[in-house]
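Trainee: Supplied in structure tokens, the structure appears directly below.
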Number of protein chains: 2
Amino acid sequence: MAWEASTVAAVRPLDLTADPVDLCAALVDVPSVSGEEGALADALEAALRAQAPHLEVLRSGHAVLARTDLGRPGRVLLAGHIDTVPIADNVPSRRDQGLIYGCGTSDMKAGDAVFAHLAAVLPDPRHDLTFVFYDCEEVEAVRNGLGRIEREHRDWLAADLAILGEPTNGAVEAGCQGTLRAEITLRGRRAHSARSWLGENAVHAAGPVLERLAAYPAREVEIDGCRYREGLQAVRIAGGVAGNVVPDECVVTINFRFAPDRDAAAAEKHVREVFEGFELEITDLSPGALPGLGAPAAREFLAATGAEPTAKYGWTDVSRFAALGIPALNYGPGDPNLAHTRDEHVDPARITEALDVLRRFLG
Amino acid sequence: MAWEASTVAAVRPLDLTADPVDLCAALVDVPSVSGEEGALADALEAALRAQAPHLEVLRSGHAVLARTDLGRPGRVLLAGHIDTVPIADNVPSRRDQGLIYGCGTSDMKAGDAVFAHLAAVLPDPRHDLTFVFYDCEEVEAVRNGLGRIEREHRDWLAADLAILGEPTNGAVEAGCQGTLRAEITLRGRRAHSARSWLGENAVHAAGPVLERLAAYPAREVEIDGCRYREGLQAVRIAGGVAGNVVPDECVVTINFRFAPDRDAAAAEKHVREVFEGFELEITDLSPGALPGLGAPAAREFLAATGAEPTAKYGWTDVSRFAALGIPALNYGPGDPNLAHTRDEHVDPARITEALDVLRRFLG
């Protein structure tokens with residue numbers, strides 16, 4: 001359907017000064033599945049250059065960055081990915097019963113719309129501002145546009161507070177939990193199952209591993225007023241050779257989601273202690289991010305929202321900022337439960353609310 | 001390599017009256033991988049018709065049957081499959097250090113050679129005799145030649161004792177154990193592993209199943225002087241959706257090998273008791289065969305061997321005879337540990353010994 005796509009891509013120029021509710025719909029109408037954000041990045045870049053002459057604009061691949069340079073004592077970075085998961089018959093956008101439906105409405109073009117609008121209408125903000133509209137958040141971490149920007153334009157990521165517009169339903173979700181994956185391998189000795197006493201069953205040997213998982217007392221911990229909840233789960237188990245063979249190998253893949261008061265090394269140490277006596281190999285390990293709500297800019301932002309922050313359980317790009325020493329939090333008008341669904345939509349009231357909060361904080 | 005195969009297939013006529021050691025080598029030299037036994041069946045049929053005129057001969061597919069009709073009070077059936085597993089650079093046969101090497105030497109052309117020799121040289125046996133040289137034992141049960149003969153020529157399988165020439169190293173292995181396979185399904189509820197408390201882990205739920213398997217006290221039982229040893233094993237386990245998802249299903253496949261004093265229904269009942277409380281589906285169930293050593297013909301045969309019978313653990317075609325109410329046992333000169341190996345061979349001394357035993361019993 002290349003013809004349709006290019007028709008849609010030949011979109012009217014974006015009006016950043018319009019109501020962000022309308023801007024959200026306009027952003028959804030430019031398809032931008034991961035890797036194919038070129039047309040939307042072009043439109044955003046053109047609009048920023050034309051409608052926000054007070055900003056320095058940078059193009060990086062399918063990402064667009066813009067910033068003030070007003071010599072303010074602090075800098076706030078507003079970041080949103082502009083890519084979406086694959087379209088599911090839900091582009092262009094449509095309005096129904098007061099809601100905006102379409103691919104990327106919640107995750108996270110509603111947040112992008114608020115940020116892009118602020119870029120155009122706040123020439124004189126209280127903090128210096130950096131806007132980052134980036135690509136490929138919905139795919140493998142290695143393709144993530146923020147990673148490329150960090151490698152090629154690291155100075156553009158400097159800030160005292162980073163706000164990611166990921167869908168949080170207007171709540172402030174602080175920091176994020178880390179994630180660790182490991183494979184536990186049980187070994188045995190093959191034998192014909194008719195003479196099973198000559199073998200040693202590796203699948204049976206996985207019983208104690210599963211018992212430890214089932215009995216695991218997952219920790220909850222409060223950090224900066226946010227309650228984090230850990231989890232240790234088997235996400236896969238596989239063993240077996242044939243229907244008449246005692247299996248000689250069984251692999252249990254586990255996933256540990258850990259609160260950000262454990263760093264990567266502490267998380268690994270803990271998992272190795274839980275499974276002491278078993279052969280365990282770490283296959284994936286991404287540290288979490290502390291909420292960092294003690295930072296002055298974060299406290300100011302919280303005051304503007306008037307809401308209690310909560311913990312972010314999933315891993316998000318806030319941890320990239322945390323790794324750079326920048327307090328980061330998730331705050332967006334989208335609904336996280338609708339992300340990646342065919343029925344994805346957003347409530348315009350949330351968009352207006354986010355605009356009001358950020359205007360109060362920055363204006 | 002079709003040219004080589006047909007060269008080998010254009011074999012000299014088989015001499016059934018020759019030393020069965022030489023006959024074994026001649027049988028090995030006619031390739032007969034399952035489904036391709038035609039040339040060997042042709043050669044056996046021609047030899048039986050020419051060299052054993054006292055026998056009624058029947059051709060059924062790639063199987064050849066022959067029998068006496070002397071009005072003896074009892075009938076002994078000697079059965080051997082003539083197919084082999086795929087050739088592994090081990091045809092034609094070769095002699096080395098007094099042993100015969102080649103595909104099918106042990107499993108079970110050595111036994112076939114003894115039976116075919118007896119067919120030609122025992123015109124006046126003590127019992128009426130039926131010889132069954134059949135196809136496709138080494139493949140799926142549905143292709144097994146004995147099954148076809150049972151459906152199409154059931155009267156040919158009537159006997160007071162059946163002896164299968166499967167490799168037993170000259171031991172008498174009586175009856176066989178049954179085999180049951182079942183799938184135990186654990187169910188849970190999917191959730192993102194970052195919010196694992198919203199889900200229910202089906203893999204963790206398999207822990208108690210594996211514990212029961214590991215703790216299972218396998219029964220040993222003596223029947224007709226044969227010691228049977230049961231076993232209950234997980235032969236496969238599988239569960240998992242993705243690296244960040246709490247799995248909602250896990251399946252443990254178990255294999256129960258049971259002594260022939262349990263029939264199929266009793267075996268199923270036992271397994272359902274062991275896993276009471278779990279969702280369990282039987283996927284495969286083949287009853288075993290009682291040794292039947294109390295039958296007069298079996299007692300006579302045991303006396304001729306002078307050996308103590310032992311239990312057959314694996315499932316063999318003896319259970320087909322048991323299902324017809326015919327006592328059946330495994331007795332052959334091949335070595336079961338060499339079956340299906342590249343290095344397969346047979347000791348000529350075992351062939352001569354089997355001939356002597358059967359001659360003593362039948363002659």
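To be explicit about the labels: the chains of the structure tokens are called A, B, and onward in the order shown, and within each one the residues are counted from 1, while ligands get numbers from 1 in the order they are shown.
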What residues in chain B lie within 9 Å of chain A, counting only C-alpha atoms, written as a short mmCIF file (atom, residue, chain, number, x, y, z; two decimals) with all heavy atoms, in the first residue's frame?

Mentor:
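iface.cif was written with the following content:
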```cif
data_model
loop_
_atom_site.label_atom_id
_atom_site.label_comp_id
_atom_site.auth_asym_id
_atom_site.auth_seq_id
_atom_site.Cartn_x
_atom_site.Cartn_y
_atom_site.Cartn_z
N GLN B 177 7.08 -54.80 29.07
CA GLN B 177 6.37 -53.79 29.85
C GLN B 177 5.49 -52.94 28.92
O GLN B 177 5.76 -52.82 27.73
CB GLN B 177 7.36 -52.90 30.60
CG GLN B 177 8.17 -53.68 31.63
CD GLN B 177 8.71 -52.82 32.75
OE1 GLN B 177 8.47 -53.11 33.92
NE2 GLN B 177 9.42 -51.76 32.43
N THR B 179 3.60 -49.21 27.94
CA THR B 179 4.06 -47.81 27.93
C THR B 179 2.87 -46.88 27.77
O THR B 179 1.95 -47.15 26.99
CB THR B 179 5.11 -47.58 26.81
OG1 THR B 179 5.48 -46.20 26.79
CG2 THR B 179 4.59 -47.97 25.44
N ARG B 181 1.91 -42.63 27.64
CA ARG B 181 2.35 -41.23 27.63
C ARG B 181 1.16 -40.34 27.94
O ARG B 181 0.04 -40.64 27.54
CB ARG B 181 2.95 -40.85 26.27
CG ARG B 181 4.41 -41.15 26.21
CD ARG B 181 5.12 -40.69 24.97
NE ARG B 181 6.30 -41.55 24.85
CZ ARG B 181 6.31 -42.73 24.24
NH1 ARG B 181 5.22 -43.17 23.64
NH2 ARG B 181 7.39 -43.47 24.23
N HIS B 192 2.51 -8.96 32.01
CA HIS B 192 3.86 -8.46 31.75
C HIS B 192 4.71 -8.83 32.97
O HIS B 192 4.25 -8.70 34.11
CB HIS B 192 3.82 -6.94 31.56
CG HIS B 192 5.07 -6.40 30.92
ND1 HIS B 192 6.27 -6.39 31.58
CD2 HIS B 192 5.29 -5.89 29.70
CE1 HIS B 192 7.19 -5.87 30.78
NE2 HIS B 192 6.61 -5.56 29.63
N SER B 193 5.93 -9.30 32.72
CA SER B 193 6.74 -9.75 33.86
C SER B 193 7.16 -8.58 34.76
O SER B 193 7.61 -8.78 35.88
CB SER B 193 7.97 -10.53 33.38
OG SER B 193 8.79 -9.72 32.57
N ALA B 194 7.01 -7.34 34.28
CA ALA B 194 7.29 -6.19 35.15
C ALA B 194 6.16 -5.97 36.15
O ALA B 194 6.34 -5.25 37.13
CB ALA B 194 7.47 -4.92 34.30
N ARG B 195 5.02 -6.58 35.90
CA ARG B 195 3.88 -6.52 36.84
C ARG B 195 3.40 -7.94 37.07
O ARG B 195 2.25 -8.29 36.86
CB ARG B 195 2.74 -5.69 36.24
CG ARG B 195 3.03 -4.21 36.13
CD ARG B 195 1.81 -3.45 35.61
NE ARG B 195 2.15 -2.06 35.37
CZ ARG B 195 2.86 -1.64 34.33
NH1 ARG B 195 3.27 -2.51 33.43
NH2 ARG B 195 3.14 -0.35 34.20
N SER B 196 4.33 -8.77 37.55
CA SER B 196 4.06 -10.21 37.59
C SER B 196 2.94 -10.56 38.56
O SER B 196 2.31 -11.60 38.41
CB SER B 196 5.34 -10.97 37.95
OG SER B 196 5.92 -10.44 39.12
N TRP B 197 2.68 -9.69 39.55
CA TRP B 197 1.62 -9.99 40.51
C TRP B 197 0.23 -9.97 39.86
O TRP B 197 -0.73 -10.45 40.45
CB TRP B 197 1.67 -9.04 41.71
CG TRP B 197 1.64 -7.60 41.30
CD1 TRP B 197 0.55 -6.81 41.17
CD2 TRP B 197 2.76 -6.79 40.94
NE1 TRP B 197 0.91 -5.56 40.75
CE2 TRP B 197 2.28 -5.52 40.61
CE3 TRP B 197 4.14 -7.03 40.87
CZ2 TRP B 197 3.11 -4.48 40.20
CZ3 TRP B 197 4.97 -6.00 40.46
CH2 TRP B 197 4.46 -4.74 40.14
N ASN B 201 1.81 -17.72 37.30
CA ASN B 201 2.86 -18.36 36.51
C ASN B 201 2.63 -19.87 36.36
O ASN B 201 2.75 -20.63 37.31
CB ASN B 201 4.22 -18.09 37.14
CG ASN B 201 5.36 -18.38 36.18
OD1 ASN B 201 5.41 -19.45 35.59
ND2 ASN B 201 6.26 -17.43 36.02
N ALA B 202 2.34 -20.29 35.12
CA ALA B 202 2.06 -21.70 34.86
C ALA B 202 3.31 -22.56 34.96
O ALA B 202 3.22 -23.76 35.27
CB ALA B 202 1.43 -21.86 33.47
N VAL B 203 4.48 -21.97 34.72
CA VAL B 203 5.72 -22.76 34.83
C VAL B 203 6.01 -23.04 36.31
O VAL B 203 6.37 -24.17 36.68
CB VAL B 203 6.90 -22.03 34.16
CG1 VAL B 203 8.22 -22.73 34.46
CG2 VAL B 203 6.68 -21.94 32.65
N HIS B 204 5.82 -22.04 37.16
CA HIS B 204 6.01 -22.29 38.60
C HIS B 204 5.08 -23.42 39.06
O HIS B 204 5.44 -24.23 39.90
CB HIS B 204 5.70 -21.03 39.41
CG HIS B 204 6.63 -19.87 39.13
ND1 HIS B 204 6.62 -18.71 39.86
CD2 HIS B 204 7.59 -19.70 38.19
CE1 HIS B 204 7.52 -17.87 39.37
NE2 HIS B 204 8.12 -18.44 38.36
N ALA B 205 3.88 -23.45 38.48
CA ALA B 205 2.89 -24.45 38.89
C ALA B 205 3.33 -25.87 38.56
O ALA B 205 2.76 -26.84 39.08
CB ALA B 205 1.54 -24.15 38.24
N ALA B 206 4.33 -26.00 37.68
CA ALA B 206 4.81 -27.35 37.33
C ALA B 206 5.73 -27.92 38.40
O ALA B 206 6.05 -29.11 38.39
CB ALA B 206 5.53 -27.32 35.98
N GLY B 207 6.17 -27.08 39.33
CA GLY B 207 7.07 -27.54 40.38
C GLY B 207 6.57 -28.79 41.10
O GLY B 207 7.28 -29.80 41.18
N PRO B 208 5.34 -28.76 41.62
CA PRO B 208 4.84 -29.95 42.33
C PRO B 208 4.75 -31.20 41.44
O PRO B 208 4.91 -32.31 41.92
CB PRO B 208 3.45 -29.51 42.79
CG PRO B 208 3.52 -28.01 42.87
CD PRO B 208 4.45 -27.61 41.76
N VAL B 209 4.51 -31.02 40.14
CA VAL B 209 4.49 -32.17 39.22
C VAL B 209 5.88 -32.81 39.18
O VAL B 209 6.03 -34.03 39.30
CB VAL B 209 4.05 -31.74 37.80
CG1 VAL B 209 4.20 -32.89 36.81
CG2 VAL B 209 2.61 -31.23 37.82
N LEU B 210 6.89 -31.95 39.04
CA LEU B 210 8.26 -32.47 38.96
C LEU B 210 8.68 -33.09 40.29
O LEU B 210 9.40 -34.09 40.33
CB LEU B 210 9.23 -31.35 38.54
CG LEU B 210 8.90 -30.67 37.21
CD1 LEU B 210 10.02 -29.71 36.81
CD2 LEU B 210 8.69 -31.70 36.10
N GLU B 211 8.21 -32.49 41.40
CA GLU B 211 8.53 -33.07 42.72
C GLU B 211 7.93 -34.47 42.84
O GLU B 211 8.57 -35.39 43.34
CB GLU B 211 8.00 -32.16 43.83
CG GLU B 211 8.63 -30.78 43.91
CD GLU B 211 10.07 -30.79 44.42
OE1 GLU B 211 10.51 -31.82 44.97
OE2 GLU B 211 10.76 -29.76 44.24
N ARG B 212 6.69 -34.62 42.37
CA ARG B 212 6.07 -35.95 42.45
C ARG B 212 6.83 -36.95 41.60
O ARG B 212 7.01 -38.11 41.97
CB ARG B 212 4.61 -35.89 41.98
CG ARG B 212 3.72 -35.21 43.00
CD ARG B 212 2.24 -35.37 42.68
NE ARG B 212 1.50 -34.34 43.38
CZ ARG B 212 0.17 -34.20 43.35
NH1 ARG B 212 -0.56 -35.05 42.65
NH2 ARG B 212 -0.41 -33.24 44.02
N LEU B 213 7.29 -36.51 40.43
CA LEU B 213 8.06 -37.40 39.57
C LEU B 213 9.38 -37.79 40.23
O LEU B 213 9.76 -38.96 40.23
CB LEU B 213 8.35 -36.70 38.23
CG LEU B 213 7.17 -36.65 37.26
CD1 LEU B 213 7.40 -35.60 36.19
CD2 LEU B 213 6.95 -38.03 36.62
N ALA B 214 10.05 -36.79 40.82
CA ALA B 214 11.35 -37.07 41.43
C ALA B 214 11.20 -38.01 42.63
O ALA B 214 12.08 -38.82 42.91
CB ALA B 214 12.01 -35.76 41.85
N ARG B 229 10.63 -53.89 36.26
CA ARG B 229 11.01 -52.66 36.94
C ARG B 229 10.32 -51.50 36.23
O ARG B 229 10.62 -51.22 35.07
CB ARG B 229 12.53 -52.53 36.84
CG ARG B 229 13.11 -51.58 37.82
CD ARG B 229 14.61 -51.79 37.92
NE ARG B 229 15.20 -50.70 38.66
CZ ARG B 229 16.48 -50.57 38.94
NH1 ARG B 229 17.33 -51.50 38.53
NH2 ARG B 229 16.93 -49.54 39.61
N GLU B 230 9.42 -50.85 36.92
CA GLU B 230 8.66 -49.78 36.30
C GLU B 230 9.43 -48.46 36.34
O GLU B 230 10.46 -48.34 37.01
CB GLU B 230 7.32 -49.62 37.02
CG GLU B 230 6.46 -50.87 36.92
CD GLU B 230 5.06 -50.68 37.47
OE1 GLU B 230 4.90 -49.88 38.42
OE2 GLU B 230 4.13 -51.32 36.94
N GLY B 231 8.93 -47.49 35.66
CA GLY B 231 9.56 -46.16 35.66
C GLY B 231 8.55 -45.11 35.25
O GLY B 231 7.70 -45.36 34.38
N LEU B 232 8.63 -43.95 35.89
CA LEU B 232 7.74 -42.84 35.56
C LEU B 232 8.63 -41.62 35.35
O LEU B 232 9.28 -41.15 36.29
CB LEU B 232 6.75 -42.60 36.71
CG LEU B 232 5.76 -41.45 36.52
CD1 LEU B 232 4.86 -41.70 35.32
CD2 LEU B 232 4.91 -41.29 37.78
N GLN B 233 8.67 -41.12 34.12
CA GLN B 233 9.63 -40.08 33.76
C GLN B 233 8.96 -38.93 33.02
O GLN B 233 8.07 -39.17 32.19
CB GLN B 233 10.71 -40.66 32.83
CG GLN B 233 11.54 -41.77 33.44
CD GLN B 233 12.52 -41.23 34.47
OE1 GLN B 233 13.16 -40.21 34.23
NE2 GLN B 233 12.63 -41.89 35.62
N ALA B 234 9.42 -37.72 33.31
CA ALA B 234 9.11 -36.60 32.42
C ALA B 234 10.03 -36.78 31.21
O ALA B 234 11.24 -36.93 31.36
CB ALA B 234 9.40 -35.27 33.09
N VAL B 235 9.46 -36.79 30.01
CA VAL B 235 10.29 -36.87 28.81
C VAL B 235 10.35 -35.53 28.07
O VAL B 235 11.12 -35.35 27.14
CB VAL B 235 9.81 -37.98 27.85
CG1 VAL B 235 10.09 -39.36 28.46
CG2 VAL B 235 8.33 -37.84 27.52
N ARG B 236 9.51 -34.60 28.51
CA ARG B 236 9.53 -33.28 27.88
C ARG B 236 8.84 -32.29 28.79
O ARG B 236 7.90 -32.64 29.50
CB ARG B 236 8.78 -33.34 26.54
CG ARG B 236 8.84 -32.06 25.73
CD ARG B 236 8.32 -32.26 24.30
NE ARG B 236 8.29 -30.99 23.60
CZ ARG B 236 7.22 -30.19 23.55
NH1 ARG B 236 6.09 -30.54 24.15
NH2 ARG B 236 7.28 -29.04 22.91
N ILE B 237 9.32 -31.04 28.76
CA ILE B 237 8.61 -29.95 29.44
C ILE B 237 8.73 -28.73 28.55
O ILE B 237 9.78 -28.50 27.94
CB ILE B 237 9.15 -29.69 30.86
CG1 ILE B 237 8.25 -28.70 31.60
CG2 ILE B 237 10.58 -29.19 30.83
CD1 ILE B 237 8.52 -28.62 33.09
N ALA B 238 7.66 -27.97 28.44
CA ALA B 238 7.70 -26.78 27.60
C ALA B 238 6.71 -25.76 28.12
O ALA B 238 5.56 -26.08 28.42
CB ALA B 238 7.37 -27.14 26.15
N GLY B 239 7.18 -24.53 28.25
CA GLY B 239 6.31 -23.44 28.65
C GLY B 239 7.03 -22.13 28.39
O GLY B 239 8.26 -22.08 28.41
N GLY B 240 6.26 -21.07 28.12
CA GLY B 240 6.88 -19.77 27.92
C GLY B 240 6.32 -19.07 26.71
O GLY B 240 6.03 -19.70 25.69
N VAL B 241 6.15 -17.75 26.82
CA VAL B 241 5.55 -16.95 25.76
C VAL B 241 6.61 -16.01 25.18
O VAL B 241 6.87 -16.00 23.99
CB VAL B 241 4.38 -16.12 26.31
CG1 VAL B 241 3.80 -15.22 25.22
CG2 VAL B 241 3.31 -17.03 26.89
N ALA B 242 7.26 -15.26 26.04
CA ALA B 242 8.30 -14.32 25.63
C ALA B 242 9.09 -13.97 26.88
O ALA B 242 8.69 -14.29 28.00
CB ALA B 242 7.68 -13.07 25.02
N GLY B 243 10.23 -13.33 26.66
CA GLY B 243 11.14 -13.05 27.76
C GLY B 243 10.60 -12.07 28.79
O GLY B 243 11.18 -11.93 29.87
N ASN B 244 9.48 -11.39 28.48
CA ASN B 244 8.93 -10.42 29.43
C ASN B 244 7.46 -10.72 29.75
O ASN B 244 6.71 -9.82 30.09
CB ASN B 244 9.07 -9.00 28.86
CG ASN B 244 8.36 -8.85 27.52
OD1 ASN B 244 7.84 -9.81 26.99
ND2 ASN B 244 8.35 -7.63 27.00
N VAL B 245 7.09 -11.99 29.63
CA VAL B 245 5.69 -12.36 29.87
C VAL B 245 5.62 -13.51 30.87
O VAL B 245 6.35 -14.49 30.75
CB VAL B 245 5.00 -12.76 28.54
CG1 VAL B 245 3.57 -13.23 28.81
CG2 VAL B 245 5.00 -11.60 27.56
N VAL B 246 4.75 -13.37 31.87
CA VAL B 246 4.47 -14.46 32.78
C VAL B 246 3.70 -15.53 31.99
O VAL B 246 2.63 -15.24 31.45
CB VAL B 246 3.61 -13.96 33.97
CG1 VAL B 246 3.22 -15.12 34.88
CG2 VAL B 246 4.37 -12.89 34.75
N PRO B 247 4.25 -16.75 31.89
CA PRO B 247 3.63 -17.78 31.03
C PRO B 247 2.29 -18.25 31.59
O PRO B 247 2.13 -18.43 32.79
CB PRO B 247 4.64 -18.93 31.05
CG PRO B 247 5.90 -18.38 31.64
CD PRO B 247 5.49 -17.23 32.51
N CYS B 250 2.03 -24.41 30.70
CA CYS B 250 3.23 -25.24 30.74
C CYS B 250 2.77 -26.68 30.61
O CYS B 250 1.79 -27.09 31.25
CB CYS B 250 3.98 -25.02 32.05
SG CYS B 250 5.50 -25.99 32.19
N THR B 253 5.26 -33.62 29.60
CA THR B 253 4.93 -34.90 28.99
C THR B 253 5.60 -36.00 29.80
O THR B 253 6.80 -35.95 30.04
CB THR B 253 5.42 -34.96 27.53
OG1 THR B 253 4.93 -33.82 26.83
CG2 THR B 253 4.94 -36.23 26.84
N ILE B 254 4.80 -36.97 30.23
CA ILE B 254 5.37 -38.05 31.04
C ILE B 254 5.26 -39.38 30.30
O ILE B 254 4.40 -39.56 29.43
CB ILE B 254 4.66 -38.16 32.41
CG1 ILE B 254 3.16 -38.42 32.21
CG2 ILE B 254 4.89 -36.92 33.24
CD1 ILE B 254 2.49 -39.00 33.42
N ASN B 255 6.16 -40.27 30.64
CA ASN B 255 6.14 -41.63 30.07
C ASN B 255 6.19 -42.62 31.23
O ASN B 255 7.11 -42.60 32.03
CB ASN B 255 7.35 -41.82 29.14
CG ASN B 255 7.37 -43.17 28.43
OD1 ASN B 255 8.43 -43.66 28.07
ND2 ASN B 255 6.22 -43.78 28.22
N PHE B 256 5.15 -43.45 31.32
CA PHE B 256 5.08 -44.47 32.36
C PHE B 256 5.31 -45.83 31.71
O PHE B 256 4.59 -46.22 30.79
CB PHE B 256 3.69 -44.43 33.02
CG PHE B 256 3.48 -45.43 34.13
CD1 PHE B 256 4.47 -45.68 35.08
CD2 PHE B 256 2.27 -46.11 34.23
CE1 PHE B 256 4.25 -46.59 36.11
CE2 PHE B 256 2.05 -47.02 35.26
CZ PHE B 256 3.05 -47.26 36.20
N ARG B 257 6.35 -46.52 32.15
CA ARG B 257 6.63 -47.88 31.69
C ARG B 257 6.16 -48.79 32.80
O ARG B 257 6.66 -48.70 33.94
CB ARG B 257 8.12 -48.06 31.45
CG ARG B 257 8.68 -47.12 30.39
CD ARG B 257 8.22 -47.55 29.01
NE ARG B 257 8.72 -46.63 27.99
CZ ARG B 257 9.06 -47.02 26.77
NH1 ARG B 257 8.95 -48.29 26.42
NH2 ARG B 257 9.48 -46.15 25.88
N PHE B 258 5.21 -49.65 32.49
CA PHE B 258 4.59 -50.42 33.56
C PHE B 258 4.68 -51.93 33.34
O PHE B 258 4.64 -52.42 32.21
CB PHE B 258 3.13 -49.99 33.76
CG PHE B 258 2.28 -50.01 32.52
CD1 PHE B 258 1.47 -51.10 32.23
CD2 PHE B 258 2.27 -48.92 31.66
CE1 PHE B 258 0.66 -51.12 31.10
CE2 PHE B 258 1.46 -48.94 30.51
CZ PHE B 258 0.67 -50.04 30.24
N TYR B 313 12.21 -55.12 29.28
CA TYR B 313 11.75 -53.81 29.74
C TYR B 313 11.12 -53.00 28.61
O TYR B 313 10.12 -52.34 28.77
CB TYR B 313 12.90 -53.04 30.37
CG TYR B 313 13.37 -53.67 31.65
CD1 TYR B 313 14.69 -54.05 31.82
CD2 TYR B 313 12.48 -53.90 32.70
CE1 TYR B 313 15.12 -54.63 32.99
CE2 TYR B 313 12.90 -54.50 33.87
CZ TYR B 313 14.24 -54.86 34.02
OH TYR B 313 14.65 -55.43 35.18
N GLY B 314 11.75 -53.04 27.44
CA GLY B 314 11.22 -52.27 26.32
C GLY B 314 9.96 -52.91 25.76
O GLY B 314 9.68 -54.09 26.01
N TRP B 315 9.21 -52.12 25.00
CA TRP B 315 8.00 -52.63 24.37
C TRP B 315 8.40 -53.32 23.08
O TRP B 315 9.14 -52.78 22.28
CB TRP B 315 7.07 -51.44 24.08
CG TRP B 315 5.68 -51.85 23.73
CD1 TRP B 315 4.63 -51.99 24.59
CD2 TRP B 315 5.17 -52.16 22.43
NE1 TRP B 315 3.51 -52.38 23.92
CE2 TRP B 315 3.81 -52.49 22.59
CE3 TRP B 315 5.72 -52.20 21.16
CZ2 TRP B 315 2.99 -52.85 21.52
CZ3 TRP B 315 4.91 -52.56 20.08
CH2 TRP B 315 3.56 -52.88 20.27
#
```

Trainee: Using the chain letters and numbers from this document, which residues of segment 10-226 of chain A does DSSP assign to helix (DSSP H, G or I), as number ranges by chain?

Mentor: A: 20-28, 38-51, 105-121, 141-143, 145-152, 154-157, 193-198, 204-215

Trainee: Using only C-alpha atoms, can you tell me which of A:Glu37, A:Glu56, A:Glu276, A:Asp15 comes closest to Pro123 of chain A?

Mentor: A:Glu56

Trainee: Out of A:Ala63, A:Ala266, A:Ala162, A:Val271, which residue has the shortest atom-to-atom distance to Tyr216 of chain A when counting only C-alpha atoms?

Mentor: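 Nearest candidate to Tyr216 of chain A out of A:Ala63, A:Ala266, A:Ala162, A:Val271: A:Val271.
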
Trainee: When you look at Ala26 of chain B with a cut-off of 10 Å (counting only C-alpha atoms), what residues show up, excluding the ones that are within fewer than 5 positions of it in the same chain? I need them as a list of chain:residue names.

Mentor: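 Result of the neighbour search: B:Val11, B:Arg12, B:Pro13, B:Leu14, B:Asp15, B:Pro20, B:Val21, B:Pro92, B:Ser93, B:Lys109, B:Ala113.
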
Trainee: Can you check which residues of segment 135-192 of chain A DSSP gives as strand (DSSP E or B) on the backbone and send them as a list in words?

Mentor: Leu161, Ala162, Ile163, Leu164, Glu173, Ala174, Cys176, Gly178, Thr179, Leu180, Arg181, Ala182, Glu183, Ile184, Thr185, Leu186, Arg187, Arg189, Ala191 and His192 of chain A

Trainee: What is the atom CA of Gln97 of chain B-atom CA of Pro31 of chain B distance in Å, reported with one decimal?

Mentor: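 Value for the atom CA of Gln97 of chain B-atom CA of Pro31 of chain B distance: 23.3 Å.
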
Trainee: Could you give me, as an MDAnalysis selection string, the residues within 12 Å of Met108 of chain B, counting only C-alpha atoms and dropping anything in the same chain fewer than 5 positions from it?

Mentor: chainID B and resid 24:25 27:28 32 79:85 102:103 113:115 133:135 137:138 164:169 330:336 338:340 344:346 351

Trainee: Of the residues B:Gly225, B:Val33, B:Asp22, B:Glu268, which is the one nearest to Asp107 of chain B, using only C-alpha atoms?

Mentor: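 The answer is B:Val33, which sits nearest to Asp107 of chain B.
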
Trainee: Select, from B:Gly199, B:Pro296, B:Gly61, B:Gly175, the residue with the minimum atom-to-atom distance to Thr316 of chain B, counting only C-alpha atoms.

Mentor: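 Looking at the shortest contact to Thr316 of chain B, the residue is B:Gly175.
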
Trainee: Between atom CA of Ala41 of chain A and atom CA of Leu99 of chain A, what is the distance, to one decimal in Å?

Mentor: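 Between these atoms lies a distance of 25.2 Å.
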